[in-house]
Amino acid sequence: MVTAHDRAAMTSTCRKFAGLSENTNRDIKQHKDLSRMKRDEADVQDVVRTIESWIDPFEQTSDLISISSGTIAPSDVTEDLLNAYQKGCEEAKLFVNERLSSTTKGFMRSYPS
């Protein structure tokens with residue numbers, strides 16, 4: 001039966017015949033670690049460049065800008081969004097006056113677009 005000690009001795013002898021030192025595995029691992037570190041650093045720099053290219057969603061601007069794409073909304077869309085609350089209040093009052101407070105229009109009647 002071949003023990004672990006015998007296998008280690010055979011491996012050591014084979015390495016010597018092949019011209020490999022005992023530290024070859026350690027040298028290869030250090031080389032792999034160095035190349036891995038370089039690749040990881042390059043990946044981190046790619047992420048940093050990507051984030052820096054994005055717009056700052058908290059920057060004060062008069063334009064309405066999409067957070068996901070960075071495109072500026074057209075003026076008609078911006079106007080609709082800025083006036084949505086006021087228009088909603090006006091429509092709510094009209095709905096109450098026409099459909100709840102009086103019988104001018106039926107409650108279930110369709111609402112115009």
# chains A, B, ... in the order shown; residues from 1 in each chain; ligands from 1
call {"tool": "residues_around", "arguments": {"residues": "region 52-69 of chain A", "least_positions_apart": "6", "cutoff": "9 Å", "atoms": "only C-alpha atoms", "output": "mmCIF file with N, CA and C atoms, in the first residue's frame"}}
result
data_model
loop_
_atom_site.group_PDB
_atom_site.id
_atom_site.type_symbol
_atom_site.label_atom_id
_atom_site.label_comp_id
_atom_site.auth_asym_id
_atom_site.auth_seq_id
_atom_site.Cartn_x
_atom_site.Cartn_y
_atom_site.Cartn_z
ATOM 1 N N SER A 75 -41.860 69.460 -24.073
ATOM 2 C CA SER A 75 -42.501 70.531 -23.295
ATOM 3 C C SER A 75 -43.970 70.239 -23.009
ATOM 4 N N VAL A 77 -45.398 67.306 -22.485
ATOM 5 C CA VAL A 77 -45.443 66.317 -21.404
ATOM 6 C C VAL A 77 -45.112 66.989 -20.075
ATOM 7 N N THR A 78 -44.089 67.834 -20.080
ATOM 8 C CA THR A 78 -43.708 68.562 -18.867
ATOM 9 C C THR A 78 -44.861 69.419 -18.377
#
call {"tool": "select_by_dssp", "arguments": {"residues": "chain A", "states": "alpha helix (DSSP H)", "output": "PyMOL selection string"}}
result
chain A and resi 4-18+24-53+75-82+84-95
call {"tool": "atom_distance", "arguments": {"atom1": "CA of Phe95 (chain A)", "atom2": "CA of Ser110 (chain A)"}}
result
11.4 Å
call {"tool": "decode", "arguments": {"residues": "region 2-113 of chain A", "atoms": "C-alpha atoms", "output": "tab-separated table (two decimals), in the first residue's frame"}}
result
chain	number	residue	atom	x	y	z
A	2	VAL	CA	1.29	3.45	-0.94
A	3	THR	CA	0.98	6.00	1.83
A	4	ALA	CA	0.54	9.76	1.50
A	5	HIS	CA	4.20	10.14	2.48
A	6	ASP	CA	5.27	7.82	-0.37
A	7	ARG	CA	3.09	9.69	-2.87
A	8	ALA	CA	4.58	13.03	-1.77
A	9	ALA	CA	8.10	11.63	-2.18
A	10	MET	CA	7.27	10.34	-5.67
A	11	THR	CA	5.72	13.66	-6.65
A	12	SER	CA	8.80	15.50	-5.39
A	13	THR	CA	11.09	13.22	-7.37
A	14	CYS	CA	9.01	13.65	-10.54
A	15	ARG	CA	9.16	17.44	-10.10
A	16	LYS	CA	12.93	17.33	-9.82
A	17	PHE	CA	13.20	15.22	-13.01
A	18	ALA	CA	10.90	17.67	-14.82
A	19	GLY	CA	12.97	20.64	-13.66
A	20	LEU	CA	10.19	22.07	-11.55
A	21	SER	CA	10.90	23.52	-8.13
A	22	GLU	CA	8.89	22.88	-5.01
A	23	ASN	CA	7.63	26.48	-5.17
A	24	THR	CA	6.17	26.21	-8.69
A	25	ASN	CA	2.58	25.85	-7.46
A	26	ARG	CA	3.01	28.83	-5.16
A	27	ASP	CA	4.50	30.89	-8.03
A	28	ILE	CA	1.63	29.96	-10.35
A	29	LYS	CA	-0.92	30.85	-7.65
A	30	GLN	CA	0.76	34.23	-7.07
A	31	HIS	CA	0.75	34.89	-10.83
A	32	LYS	CA	-2.95	33.97	-11.02
A	33	ASP	CA	-3.68	36.18	-8.01
A	34	LEU	CA	-1.91	39.12	-9.67
A	35	SER	CA	-3.77	38.71	-12.97
A	36	ARG	CA	-7.05	38.28	-11.08
A	37	MET	CA	-6.37	41.48	-9.14
A	38	LYS	CA	-5.68	43.35	-12.38
A	39	ARG	CA	-8.89	42.04	-13.96
A	40	ASP	CA	-10.91	42.89	-10.85
A	41	GLU	CA	-9.48	46.42	-10.79
A	42	ALA	CA	-10.38	46.87	-14.47
A	43	ASP	CA	-13.93	45.68	-13.71
A	44	VAL	CA	-14.22	48.14	-10.82
A	45	GLN	CA	-13.02	50.97	-13.07
A	46	ASP	CA	-15.67	50.00	-15.66
A	47	VAL	CA	-18.38	50.22	-13.00
A	48	VAL	CA	-17.07	53.59	-11.79
A	49	ARG	CA	-17.04	54.98	-15.35
A	50	THR	CA	-20.59	53.75	-15.91
A	51	ILE	CA	-21.89	55.34	-12.71
A	52	GLU	CA	-20.08	58.61	-13.44
A	53	SER	CA	-21.71	58.74	-16.89
A	54	TRP	CA	-25.19	58.64	-15.37
A	55	ILE	CA	-27.03	61.84	-14.59
A	56	ASP	CA	-27.42	63.05	-11.03
A	57	PRO	CA	-31.15	62.66	-10.22
A	58	PHE	CA	-30.85	65.23	-7.42
A	59	GLU	CA	-29.30	67.98	-9.54
A	60	GLN	CA	-31.56	71.02	-9.78
A	61	THR	CA	-32.70	71.67	-13.34
A	62	SER	CA	-35.69	73.24	-15.03
A	63	ASP	CA	-36.02	70.30	-17.43
A	64	LEU	CA	-37.93	67.12	-16.69
A	65	ILE	CA	-35.39	64.32	-17.21
A	66	SER	CA	-35.96	60.56	-17.23
A	67	ILE	CA	-33.84	58.95	-14.50
A	68	SER	CA	-33.46	55.68	-16.41
A	69	SER	CA	-32.55	57.05	-19.85
A	70	GLY	CA	-31.43	60.63	-19.22
A	71	THR	CA	-33.66	61.98	-21.99
A	72	ILE	CA	-35.41	65.31	-21.57
A	73	ALA	CA	-39.21	65.20	-21.72
A	74	PRO	CA	-40.97	67.23	-24.43
A	75	SER	CA	-42.50	70.53	-23.30
A	76	ASP	CA	-46.12	69.30	-23.68
A	77	VAL	CA	-45.44	66.32	-21.40
A	78	THR	CA	-43.71	68.56	-18.87
A	79	GLU	CA	-46.64	70.99	-18.95
A	80	ASP	CA	-49.18	68.19	-18.42
A	81	LEU	CA	-47.27	66.79	-15.46
A	82	LEU	CA	-46.78	70.20	-13.84
A	83	ASN	CA	-50.49	70.98	-14.14
A	84	ALA	CA	-51.84	67.49	-13.34
A	85	TYR	CA	-52.80	68.26	-9.73
A	86	GLN	CA	-54.65	71.46	-10.66
A	87	LYS	CA	-56.48	69.75	-13.55
A	88	GLY	CA	-57.38	66.86	-11.26
A	89	CYS	CA	-58.88	69.22	-8.67
A	90	GLU	CA	-60.91	71.01	-11.35
A	91	GLU	CA	-62.20	67.71	-12.78
A	92	ALA	CA	-63.07	66.42	-9.30
A	93	LYS	CA	-65.14	69.56	-8.58
A	94	LEU	CA	-66.86	69.24	-11.95
A	95	PHE	CA	-67.62	65.55	-11.28
A	96	VAL	CA	-69.11	66.33	-7.87
A	97	ASN	CA	-71.19	69.24	-9.23
A	98	GLU	CA	-72.51	67.41	-12.31
A	99	ARG	CA	-72.95	63.87	-10.99
A	100	LEU	CA	-73.29	63.97	-7.21
A	101	SER	CA	-74.81	67.35	-6.31
A	102	SER	CA	-77.19	67.47	-9.24
A	103	THR	CA	-78.68	65.10	-11.78
A	104	THR	CA	-77.26	66.92	-14.83
A	105	LYS	CA	-75.39	63.76	-15.81
A	106	GLY	CA	-75.86	60.24	-14.57
A	107	PHE	CA	-73.31	58.97	-12.07
A	108	MET	CA	-72.43	55.90	-14.17
A	109	ARG	CA	-72.29	57.78	-17.47
A	110	SER	CA	-68.93	57.49	-19.24
A	111	TYR	CA	-66.45	60.24	-18.63
A	112	PRO	CA	-65.12	62.10	-21.72
A	113	SER	CA	-61.47	61.68	-22.57
